[in-house]
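Visitor: What follows is model02.pdb; its format and atoms are PDB, C-alpha atoms.
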```
ATOM      1  CA  MET A   1    -285.941 211.598 -21.618  1.00  0.00           C
ATOM      2  CA  ASN A   2    -287.310 214.338 -23.916  1.00  0.00           C
ATOM      3  CA  ASP A   3    -290.360 212.201 -24.796  1.00  0.00           C
ATOM      4  CA  LEU A   4    -287.979 210.056 -26.890  1.00  0.00           C
ATOM      5  CA  HIS A   5    -287.817 212.803 -29.512  1.00  0.00           C
ATOM      6  CA  PRO A   6    -284.710 212.172 -31.634  1.00  0.00           C
ATOM      7  CA  VAL A   7    -283.498 215.800 -31.750  1.00  0.00           C
ATOM      8  CA  THR A   8    -283.207 218.476 -29.116  1.00  0.00           C
ATOM      9  CA  MET A   9    -282.362 222.064 -29.967  1.00  0.00           C
ATOM     10  CA  THR A  10    -281.141 224.534 -27.418  1.00  0.00           C
ATOM     11  CA  TYR A  11    -280.948 228.201 -28.265  1.00  0.00           C
ATOM     12  CA  ALA A  12    -278.610 229.052 -25.443  1.00  0.00           C
ATOM     13  CA  TYR A  13    -277.464 232.593 -26.178  1.00  0.00           C
ATOM     14  CA  THR A  14    -277.930 235.368 -28.638  1.00  0.00           C
ATOM     15  CA  GLY A  15    -276.413 238.787 -28.407  1.00  0.00           C
ATOM     16  CA  ALA A  16    -275.343 241.606 -30.639  1.00  0.00           C
ATOM     17  CA  ALA A  17    -272.431 239.695 -32.161  1.00  0.00           C
ATOM     18  CA  ASN A  18    -272.882 235.998 -31.314  1.00  0.00           C
ATOM     19  CA  ALA A  19    -275.425 233.197 -31.362  1.00  0.00           C
ATOM     20  CA  GLN A  20    -274.972 229.790 -29.805  1.00  0.00           C
ATOM     21  CA  VAL A  21    -277.152 227.007 -31.205  1.00  0.00           C
ATOM     22  CA  ASP A  22    -276.618 223.398 -30.179  1.00  0.00           C
ATOM     23  CA  LEU A  23    -278.250 220.428 -31.896  1.00  0.00           C
ATOM     24  CA  PHE A  24    -278.152 217.072 -30.159  1.00  0.00           C
ATOM     25  CA  ASP A  25    -279.079 213.751 -31.705  1.00  0.00           C
ATOM     26  CA  VAL A  26    -280.646 211.808 -28.869  1.00  0.00           C
ATOM     27  CA  THR A  27    -280.016 208.100 -29.186  1.00  0.00           C
ATOM     28  CA  ALA A  28    -281.631 205.420 -27.109  1.00  0.00           C
ATOM     29  CA  PRO A  29    -279.521 203.203 -24.856  1.00  0.00           C
ATOM     30  CA  ASP A  30    -278.758 199.718 -26.153  1.00  0.00           C
ATOM     31  CA  SER A  31    -281.380 198.201 -23.882  1.00  0.00           C
ATOM     32  CA  LEU A  32    -284.273 200.550 -23.305  1.00  0.00           C
ATOM     33  CA  ASP A  33    -286.075 198.280 -20.860  1.00  0.00           C
ATOM     34  CA  THR A  34    -283.169 197.620 -18.509  1.00  0.00           C
ATOM     35  CA  ALA A  35    -281.465 200.988 -18.810  1.00  0.00           C
ATOM     36  CA  PHE A  36    -284.037 202.566 -16.520  1.00  0.00           C
ATOM     37  CA  GLY A  37    -284.259 199.768 -13.980  1.00  0.00           C
ATOM     38  CA  PHE A  38    -287.710 198.557 -15.017  1.00  0.00           C
ATOM     39  CA  GLY A  39    -288.634 194.943 -14.684  1.00  0.00           C
ATOM     40  CA  VAL A  40    -290.142 192.332 -16.953  1.00  0.00           C
ATOM     41  CA  PRO A  41    -293.365 193.230 -18.774  1.00  0.00           C
ATOM     42  CA  ASP A  42    -296.603 191.682 -17.525  1.00  0.00           C
ATOM     43  CA  GLU A  43    -299.181 189.852 -19.651  1.00  0.00           C
ATOM     44  CA  GLU A  44    -300.464 193.172 -21.053  1.00  0.00           C
ATOM     45  CA  GLY A  45    -296.952 194.213 -22.075  1.00  0.00           C
ATOM     46  CA  LEU A  46    -296.741 196.820 -19.313  1.00  0.00           C
ATOM     47  CA  VAL A  47    -293.807 197.239 -16.941  1.00  0.00           C
ATOM     48  CA  ALA A  48    -294.326 198.049 -13.272  1.00  0.00           C
ATOM     49  CA  THR A  49    -292.125 200.567 -11.475  1.00  0.00           C
ATOM     50  CA  PRO A  50    -291.036 200.113  -7.842  1.00  0.00           C
ATOM     51  CA  THR A  51    -293.945 202.408  -6.871  1.00  0.00           C
ATOM     52  CA  GLY A  52    -296.448 200.113  -8.615  1.00  0.00           C
ATOM     53  CA  ARG A  53    -297.210 202.400 -11.548  1.00  0.00           C
ATOM     54  CA  ARG A  54    -297.424 200.573 -14.866  1.00  0.00           C
ATOM     55  CA  PHE A  55    -295.988 201.900 -18.128  1.00  0.00           C
ATOM     56  CA  GLU A  56    -295.567 200.715 -21.669  1.00  0.00           C
ATOM     57  CA  ARG A  57    -292.085 199.421 -22.366  1.00  0.00           C
ATOM     58  CA  LEU A  58    -289.857 202.095 -23.852  1.00  0.00           C
ATOM     59  CA  ALA A  59    -288.934 199.779 -26.713  1.00  0.00           C
ATOM     60  CA  PHE A  60    -292.608 199.859 -27.800  1.00  0.00           C
ATOM     61  CA  ILE A  61    -293.080 203.602 -27.323  1.00  0.00           C
ATOM     62  CA  ARG A  62    -290.029 204.679 -29.317  1.00  0.00           C
ATOM     63  CA  PRO A  63    -291.200 203.481 -32.773  1.00  0.00           C
ATOM     64  CA  ARG A  64    -294.552 205.260 -32.283  1.00  0.00           C
ATOM     65  CA  ALA A  65    -292.788 208.399 -31.078  1.00  0.00           C
ATOM     66  CA  LEU A  66    -290.477 208.381 -34.101  1.00  0.00           C
ATOM     67  CA  ALA A  67    -293.450 207.923 -36.438  1.00  0.00           C
ATOM     68  CA  ARG A  68    -295.177 210.875 -34.762  1.00  0.00           C
ATOM     69  CA  VAL A  69    -292.008 212.960 -35.079  1.00  0.00           C
ATOM     70  CA  GLY A  70    -291.978 212.138 -38.787  1.00  0.00           C
ATOM     71  CA  GLU A  71    -295.606 213.285 -39.128  1.00  0.00           C
ATOM     72  CA  VAL A  72    -294.928 216.542 -37.287  1.00  0.00           C
ATOM     73  CA  THR A  73    -291.767 217.184 -39.310  1.00  0.00           C
ATOM     74  CA  ASP A  74    -293.725 216.631 -42.527  1.00  0.00           C
ATOM     75  CA  GLN A  75    -296.334 219.150 -41.339  1.00  0.00           C
ATOM     76  CA  LEU A  76    -293.649 221.687 -40.410  1.00  0.00           C
ATOM     77  CA  TYR A  77    -291.964 221.236 -43.776  1.00  0.00           C
ATOM     78  CA  ALA A  78    -295.278 221.650 -45.624  1.00  0.00           C
ATOM     79  CA  THR A  79    -296.018 224.919 -43.825  1.00  0.00           C
ATOM     80  CA  ALA A  80    -292.480 226.359 -43.717  1.00  0.00           C
ATOM     81  CA  PRO A  81    -291.725 229.442 -45.839  1.00  0.00           C
ATOM     82  CA  GLN A  82    -290.540 228.539 -49.313  1.00  0.00           C
ATOM     83  CA  GLY A  83    -287.776 231.117 -49.376  1.00  0.00           C
ATOM     84  CA  ALA A  84    -288.745 234.117 -51.444  1.00  0.00           C
ATOM     85  CA  PRO A  85    -287.077 235.468 -53.524  1.00  0.00           C
ATOM     86  CA  ASP A  86    -285.203 232.177 -54.084  1.00  0.00           C
ATOM     87  CA  PRO A  87    -287.723 229.346 -53.651  1.00  0.00           C
ATOM     88  CA  ASN A  88    -285.210 226.758 -54.940  1.00  0.00           C
ATOM     89  CA  ARG A  89    -282.942 226.369 -51.919  1.00  0.00           C
ATOM     90  CA  SER A  90    -281.274 222.991 -51.654  1.00  0.00           C
ATOM     91  CA  VAL A  91    -278.387 221.135 -50.020  1.00  0.00           C
ATOM     92  CA  TYR A  92    -277.170 217.746 -51.227  1.00  0.00           C
ATOM     93  CA  GLY A  93    -280.138 217.665 -53.619  1.00  0.00           C
ATOM     94  CA  ARG A  94    -282.678 218.081 -50.824  1.00  0.00           C
ATOM     95  CA  ASN A  95    -285.112 220.985 -50.930  1.00  0.00           C
ATOM     96  CA  VAL A  96    -284.847 223.368 -47.957  1.00  0.00           C
ATOM     97  CA  ARG A  97    -287.711 225.474 -46.616  1.00  0.00           C
ATOM     98  CA  GLY A  98    -287.326 228.115 -43.946  1.00  0.00           C
ATOM     99  CA  SER A  99    -286.470 231.739 -43.514  1.00  0.00           C
ATOM    100  CA  TRP A 100    -283.856 234.127 -42.215  1.00  0.00           C
ATOM    101  CA  ALA A 101    -284.551 236.420 -39.278  1.00  0.00           C
ATOM    102  CA  THR A 102    -282.554 239.065 -37.495  1.00  0.00           C
ATOM    103  CA  ALA A 103    -281.513 237.745 -34.095  1.00  0.00           C
ATOM    104  CA  ASP A 104    -282.447 240.969 -32.333  1.00  0.00           C
ATOM    105  CA  LEU A 105    -284.423 239.588 -29.414  1.00  0.00           C
ATOM    106  CA  VAL A 106    -282.407 241.493 -26.832  1.00  0.00           C
ATOM    107  CA  ALA A 107    -280.497 244.251 -28.610  1.00  0.00           C
ATOM    108  CA  PRO A 108    -279.953 245.618 -32.130  1.00  0.00           C
ATOM    109  CA  THR A 109    -277.677 243.291 -34.064  1.00  0.00           C
ATOM    110  CA  ARG A 110    -276.275 242.427 -37.474  1.00  0.00           C
ATOM    111  CA  LEU A 111    -276.687 238.719 -36.759  1.00  0.00           C
ATOM    112  CA  ARG A 112    -278.982 236.715 -39.053  1.00  0.00           C
ATOM    113  CA  PHE A 113    -280.416 233.330 -38.091  1.00  0.00           C
ATOM    114  CA  PHE A 114    -281.853 230.695 -40.481  1.00  0.00           C
ATOM    115  CA  LEU A 115    -283.926 227.737 -39.378  1.00  0.00           C
ATOM    116  CA  GLY A 116    -284.819 225.350 -42.176  1.00  0.00           C
ATOM    117  CA  LEU A 117    -286.387 221.986 -42.778  1.00  0.00           C
ATOM    118  CA  LEU A 118    -285.350 219.593 -45.528  1.00  0.00           C
ATOM    119  CA  ASN A 119    -287.726 217.450 -47.558  1.00  0.00           C
ATOM    120  CA  GLN A 120    -285.512 214.395 -46.844  1.00  0.00           C
ATOM    121  CA  PRO A 121    -282.960 213.816 -44.068  1.00  0.00           C
ATOM    122  CA  LEU A 122    -279.248 214.221 -44.613  1.00  0.00           C
ATOM    123  CA  THR A 123    -276.999 211.257 -44.009  1.00  0.00           C
ATOM    124  CA  PRO A 124    -274.888 211.493 -40.842  1.00  0.00           C
ATOM    125  CA  GLU A 125    -271.820 212.044 -43.050  1.00  0.00           C
ATOM    126  CA  GLN A 126    -273.468 214.940 -44.882  1.00  0.00           C
ATOM    127  CA  ALA A 127    -274.741 216.531 -41.668  1.00  0.00           C
ATOM    128  CA  GLY A 128    -271.288 216.280 -40.062  1.00  0.00           C
ATOM    129  CA  ALA A 129    -269.409 217.820 -42.999  1.00  0.00           C
ATOM    130  CA  PRO A 130    -269.581 221.466 -41.790  1.00  0.00           C
ATOM    131  CA  ARG A 131    -268.210 220.533 -38.358  1.00  0.00           C
ATOM    132  CA  ARG A 132    -265.353 218.490 -39.840  1.00  0.00           C
ATOM    133  CA  ARG A 133    -264.494 221.296 -42.265  1.00  0.00           C
ATOM    134  CA  ARG A 134    -264.490 223.967 -39.502  1.00  0.00           C
ATOM    135  CA  ASN A 135    -262.351 221.816 -37.225  1.00  0.00           C
ATOM    136  CA  ALA A 136    -259.905 220.986 -40.026  1.00  0.00           C
ATOM    137  CA  VAL A 137    -259.104 224.610 -40.786  1.00  0.00           C
ATOM    138  CA  ARG A 138    -259.752 226.041 -37.319  1.00  0.00           C
ATOM    139  CA  GLN A 139    -262.127 228.672 -38.633  1.00  0.00           C
ATOM    140  CA  ARG A 140    -265.008 228.241 -36.193  1.00  0.00           C
ATOM    141  CA  ASP A 141    -264.900 231.834 -34.937  1.00  0.00           C
ATOM    142  CA  SER A 142    -263.613 233.514 -38.074  1.00  0.00           C
ATOM    143  CA  ASP A 143    -266.201 232.284 -40.589  1.00  0.00           C
ATOM    144  CA  PRO A 144    -268.998 234.856 -40.969  1.00  0.00           C
ATOM    145  CA  ILE A 145    -271.509 232.125 -41.871  1.00  0.00           C
ATOM    146  CA  GLN A 146    -271.778 228.972 -39.812  1.00  0.00           C
ATOM    147  CA  VAL A 147    -273.994 226.016 -40.650  1.00  0.00           C
ATOM    148  CA  ALA A 148    -275.148 223.002 -38.636  1.00  0.00           C
ATOM    149  CA  ALA A 149    -277.464 220.202 -39.697  1.00  0.00           C
ATOM    150  CA  THR A 150    -278.949 217.018 -38.365  1.00  0.00           C
ATOM    151  CA  GLY A 151    -281.576 214.830 -39.954  1.00  0.00           C
ATOM    152  CA  ARG A 152    -284.032 217.219 -41.594  1.00  0.00           C
ATOM    153  CA  ILE A 153    -283.032 220.327 -39.609  1.00  0.00           C
ATOM    154  CA  LEU A 154    -280.646 222.957 -40.961  1.00  0.00           C
ATOM    155  CA  VAL A 155    -279.468 225.966 -38.962  1.00  0.00           C
ATOM    156  CA  ALA A 156    -277.282 228.795 -40.266  1.00  0.00           C
ATOM    157  CA  VAL A 157    -275.990 231.896 -38.529  1.00  0.00           C
ATOM    158  CA  ALA A 158    -274.604 234.843 -40.493  1.00  0.00           C
ATOM    159  CA  ARG A 159    -272.598 237.414 -38.565  1.00  0.00           C
ATOM    160  CA  ASP A 160    -272.250 241.063 -39.548  1.00  0.00           C
ATOM    161  CA  ALA A 161    -275.068 240.731 -42.089  1.00  0.00           C
ATOM    162  CA  THR A 162    -277.608 243.444 -42.847  1.00  0.00           C
ATOM    163  CA  GLN A 163    -279.497 241.217 -45.270  1.00  0.00           C
ATOM    164  CA  ASP A 164    -279.978 237.528 -45.956  1.00  0.00           C
ATOM    165  CA  PRO A 165    -276.819 235.931 -47.352  1.00  0.00           C
ATOM    166  CA  ASP A 166    -276.949 234.394 -50.796  1.00  0.00           C
ATOM    167  CA  TRP A 167    -277.904 230.724 -50.512  1.00  0.00           C
ATOM    168  CA  SER A 168    -274.674 229.736 -52.257  1.00  0.00           C
ATOM    169  CA  GLU A 169    -272.840 231.017 -49.141  1.00  0.00           C
ATOM    170  CA  VAL A 170    -274.690 228.413 -47.071  1.00  0.00           C
ATOM    171  CA  THR A 171    -274.236 225.543 -49.510  1.00  0.00           C
ATOM    172  CA  SER A 172    -270.509 226.243 -49.849  1.00  0.00           C
ATOM    173  CA  ARG A 173    -270.160 225.561 -46.133  1.00  0.00           C
ATOM    174  CA  ILE A 174    -272.141 222.349 -46.006  1.00  0.00           C
ATOM    175  CA  GLU A 175    -271.628 220.561 -49.341  1.00  0.00           C
TER     176      GLU A 175
END
```
Represent the structure contained in this file as structure tokens.
Guide:
Amino acid sequence: MNDLHPVTMTYAYTGAANAQVDLFDVTAPDSLDTAFGFGVPDEEGLVATPTGRRFERLAFIRPRALARVGEVTDQLYATAPQGAPDPNRSVYGRNVRGSWATADLVAPTRLRFFLGLLNQPLTPEQAGAPRRRRNAVRQRDSDPIQVAATGRILVAVARDATQDPDWSEVTSRIE
């Protein structure tokens, strides 16, 4: 269940010419308590499993987990690189902190990878704009800079790049 964290990132593959990054928004089932076959909570608010172990109801854990995620995200944002030489990166009016790195974990490459955090989350419509734009013009594999976003996370991959792309190249693909 991923500790009820709302976002999972998999960094599935990186090579000399390609990177595959998948972001998943994890949503809870409509009924957290019945979706996993747990029974009715007892007088302490705990639910017993068929093996007799007692757990807090998922519906009570999720709000605390989301609050903790918010705290951790705030800490990550506060400590993320501010983006020298251009400390004023933004998308949709939200400040972005993070940095570019060469994706050369396995072999030399001209692939650049950016992982950033936003000071405020994007709306689902804003986060989905790059995907809709790529699908509309069928340029998924031909675009040298690809961008994905969800909530407060922004990922960009620049192919055939020897240096960090200009931030305007990123914003043109998401805004």
Visitor: Just say which residues the PyMOL selection byres ((chain A and resi 94) around 7) picks in this file, as a list in words.
Guide: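 In the shown coordinates, the PyMOL selection byres ((chain A and resi 94) around 7) covers Ser90, Val91, Tyr92, Gly93, Asn95, Val96, Leu118, Asn119 and Gln120 of chain A.
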Visitor: Around (-268.8, 223.3, -46.9), as given in the file, which residues come within 8 Å? Count all atoms listed in the file and list them as a list in words.
Guide: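 Residues lying no farther than 8 Å from the given point: Ala129, Pro130, Arg133, Val170, Thr171, Ser172, Arg173, Ile174 and Glu175 of chain A.
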Visitor: Could you write those residues out with C-alpha atoms, as a CSV table (one decimal), in the coordinates of the input?
Guide:
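Output contents, as saved in part-v3.csv:
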```csv
chain,number,residue,atom,x,y,z
A,129,ALA,CA,-269.4,217.8,-43.0
A,130,PRO,CA,-269.6,221.5,-41.8
A,133,ARG,CA,-264.5,221.3,-42.3
A,170,VAL,CA,-274.7,228.4,-47.1
A,171,THR,CA,-274.2,225.5,-49.5
A,172,SER,CA,-270.5,226.2,-49.8
A,173,ARG,CA,-270.2,225.6,-46.1
A,174,ILE,CA,-272.1,222.3,-46.0
A,175,GLU,CA,-271.6,220.6,-49.3
```
Visitor: Between CA of Ala149 in chain A and CA of Gln82 in chain A, measure the distance and give it in Å to one decimal.
Guide: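 A separation of 18.2 Å between them.
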Visitor: Which residue gives the smallest distance to Thr162 in chain A among A:Tyr77, A:Phe55, A:Trp100, A:Phe60, with only C-alpha atoms counted?
Guide: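 Counting only C-alpha atoms, the residue closest to Thr162 in chain A is A:Trp100.
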Visitor: Within 6 Å of Ala158 in chain A, counting all atoms listed in the file, which residues show up once you throw out same-chain ones fewer than 3 positions away? Write them as a list of chain:residue names, please.
Guide: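 My reading of the contact set: A:Leu111, A:Arg112, A:Pro144, A:Ile145.
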Visitor: Mind dumping the selected residues with C-alpha atoms as an mmCIF file, in the coordinates of the input?
Guide:
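Wrote part_12.cif, looks like this:
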```cif
data_model
loop_
_atom_site.group_PDB
_atom_site.id
_atom_site.type_symbol
_atom_site.label_atom_id
_atom_site.label_comp_id
_atom_site.auth_asym_id
_atom_site.auth_seq_id
_atom_site.Cartn_x
_atom_site.Cartn_y
_atom_site.Cartn_z
ATOM 1 C CA LEU A 111 -276.687 238.719 -36.759
ATOM 2 C CA ARG A 112 -278.982 236.715 -39.053
ATOM 3 C CA PRO A 144 -268.998 234.856 -40.969
ATOM 4 C CA ILE A 145 -271.509 232.125 -41.871
#
```
Visitor: List as a list in words the protein and nucleic acid residues near Phe113 in chain A, meaning an atom at most 8 Å away when only C-alpha atoms are counted, but skip any in the same chain fewer than 5 places from it.
Guide: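 Residues meeting the cut-off are Trp100, Ala101, Thr102, Ala103, Val155, Ala156, Val157 and Ala158 of chain A.
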Visitor: Using all atoms listed in the file, pick whichever of A:Pro108, A:Gly151, A:Gly98, A:Pro63 has the shortest atom-to-atom distance to Thr123 in chain A.
Guide: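 Looking at the shortest contact to Thr123 in chain A, the residue is A:Gly151.
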Visitor: Quick one, how far is CA of Val69 in chain A from CA of Arg54 in chain A?
Guide: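 Calculated distance between CA of Val69 in chain A and CA of Arg54 in chain A is 24.3 Å.
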Visitor: Calculated over only C-alpha atoms, which of the candidates A:Thr109, A:Thr49, A:Gln126, A:Ser99 has the smallest distance to Arg152 in chain A?
Guide: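 Going through A:Thr109, A:Thr49, A:Gln126, A:Ser99 one by one, the smallest distance to Arg152 in chain A is for A:Gln126.
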Visitor: Would you compute the distance between CA of Asp164 in chain A and CA of Gly83 in chain A? Give it in Å to one decimal.
Guide: 10.7 Å
Visitor: Which is closest to Leu115 in chain A among A:Ile61, A:Val147, A:Leu66, A:Ala48, if we use only C-alpha atoms?
Guide: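 Closest candidate: A:Val147.
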Visitor: The PyMOL selection byres ((chain A and resi 160) around 6) - which residues does that actually catch in the file I just gave you? List them as a PyMOL selection string.
Guide: chain A and resi 110-111+159+161
Visitor: Between A:Leu122, A:Leu117, A:Leu46, A:Ala107, single out the one closest to Ile153 in chain A, counting only C-alpha atoms.
Guide: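 Using only C-alpha atoms, the shortest distance to Ile153 in chain A belongs to A:Leu117.
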Visitor: What would range 61-75 of chain A look like with N, CA, C and O atoms restored, written as a PDB file, keeping the file's coordinate frame?
Guide:
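The file below, selection37.pdb, is the result:
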```pdb
ATOM      1  N   ILE A  61    -292.701 202.195 -27.168  1.00  0.00           N
ATOM      2  CA  ILE A  61    -293.080 203.602 -27.323  1.00  0.00           C
ATOM      3  C   ILE A  61    -292.227 204.286 -28.393  1.00  0.00           C
ATOM      4  O   ILE A  61    -292.731 205.080 -29.185  1.00  0.00           O
ATOM      5  N   ARG A  62    -290.952 203.972 -28.431  1.00  0.00           N
ATOM      6  CA  ARG A  62    -290.029 204.679 -29.317  1.00  0.00           C
ATOM      7  C   ARG A  62    -290.436 204.634 -30.796  1.00  0.00           C
ATOM      8  O   ARG A  62    -290.443 205.677 -31.446  1.00  0.00           O
ATOM      9  N   PRO A  63    -290.796 203.479 -31.356  1.00  0.00           N
ATOM     10  CA  PRO A  63    -291.200 203.481 -32.773  1.00  0.00           C
ATOM     11  C   PRO A  63    -292.411 204.374 -33.037  1.00  0.00           C
ATOM     12  O   PRO A  63    -292.474 205.069 -34.048  1.00  0.00           O
ATOM     13  N   ARG A  64    -293.386 204.384 -32.115  1.00  0.00           N
ATOM     14  CA  ARG A  64    -294.552 205.260 -32.283  1.00  0.00           C
ATOM     15  C   ARG A  64    -294.147 206.726 -32.177  1.00  0.00           C
ATOM     16  O   ARG A  64    -294.642 207.572 -32.923  1.00  0.00           O
ATOM     17  N   ALA A  65    -293.245 207.018 -31.238  1.00  0.00           N
ATOM     18  CA  ALA A  65    -292.788 208.399 -31.078  1.00  0.00           C
ATOM     19  C   ALA A  65    -292.046 208.864 -32.330  1.00  0.00           C
ATOM     20  O   ALA A  65    -292.247 209.989 -32.804  1.00  0.00           O
ATOM     21  N   LEU A  66    -291.202 208.017 -32.885  1.00  0.00           N
ATOM     22  CA  LEU A  66    -290.477 208.381 -34.101  1.00  0.00           C
ATOM     23  C   LEU A  66    -291.420 208.575 -35.283  1.00  0.00           C
ATOM     24  O   LEU A  66    -291.235 209.478 -36.098  1.00  0.00           O
ATOM     25  N   ALA A  67    -292.459 207.751 -35.373  1.00  0.00           N
ATOM     26  CA  ALA A  67    -293.450 207.923 -36.438  1.00  0.00           C
ATOM     27  C   ALA A  67    -294.169 209.257 -36.265  1.00  0.00           C
ATOM     28  O   ALA A  67    -294.387 209.985 -37.240  1.00  0.00           O
ATOM     29  N   ARG A  68    -294.497 209.603 -35.032  1.00  0.00           N
ATOM     30  CA  ARG A  68    -295.177 210.875 -34.762  1.00  0.00           C
ATOM     31  C   ARG A  68    -294.246 212.043 -35.090  1.00  0.00           C
ATOM     32  O   ARG A  68    -294.680 213.051 -35.654  1.00  0.00           O
ATOM     33  N   VAL A  69    -292.981 211.918 -34.746  1.00  0.00           N
ATOM     34  CA  VAL A  69    -292.008 212.960 -35.079  1.00  0.00           C
ATOM     35  C   VAL A  69    -291.962 213.155 -36.587  1.00  0.00           C
ATOM     36  O   VAL A  69    -291.929 214.278 -37.087  1.00  0.00           O
ATOM     37  N   GLY A  70    -291.974 212.054 -37.332  1.00  0.00           N
ATOM     38  CA  GLY A  70    -291.978 212.138 -38.787  1.00  0.00           C
ATOM     39  C   GLY A  70    -293.196 212.883 -39.309  1.00  0.00           C
ATOM     40  O   GLY A  70    -293.096 213.717 -40.206  1.00  0.00           O
ATOM     41  N   GLU A  71    -294.379 212.599 -38.724  1.00  0.00           N
ATOM     42  CA  GLU A  71    -295.606 213.285 -39.128  1.00  0.00           C
ATOM     43  C   GLU A  71    -295.512 214.783 -38.846  1.00  0.00           C
ATOM     44  O   GLU A  71    -295.873 215.603 -39.695  1.00  0.00           O
ATOM     45  N   VAL A  72    -295.041 215.127 -37.656  1.00  0.00           N
ATOM     46  CA  VAL A  72    -294.928 216.542 -37.287  1.00  0.00           C
ATOM     47  C   VAL A  72    -293.907 217.245 -38.172  1.00  0.00           C
ATOM     48  O   VAL A  72    -294.132 218.360 -38.645  1.00  0.00           O
ATOM     49  N   THR A  73    -292.788 216.592 -38.442  1.00  0.00           N
ATOM     50  CA  THR A  73    -291.767 217.184 -39.310  1.00  0.00           C
ATOM     51  C   THR A  73    -292.319 217.404 -40.710  1.00  0.00           C
ATOM     52  O   THR A  73    -292.067 218.443 -41.325  1.00  0.00           O
ATOM     53  N   ASP A  74    -293.094 216.453 -41.218  1.00  0.00           N
ATOM     54  CA  ASP A  74    -293.725 216.631 -42.527  1.00  0.00           C
ATOM     55  C   ASP A  74    -294.662 217.830 -42.524  1.00  0.00           C
ATOM     56  O   ASP A  74    -294.691 218.610 -43.483  1.00  0.00           O
ATOM     57  N   GLN A  75    -295.431 218.000 -41.444  1.00  0.00           N
ATOM     58  CA  GLN A  75    -296.334 219.150 -41.339  1.00  0.00           C
ATOM     59  C   GLN A  75    -295.547 220.457 -41.286  1.00  0.00           C
ATOM     60  O   GLN A  75    -295.918 221.440 -41.929  1.00  0.00           O
TER      61      GLN A  75
END
```
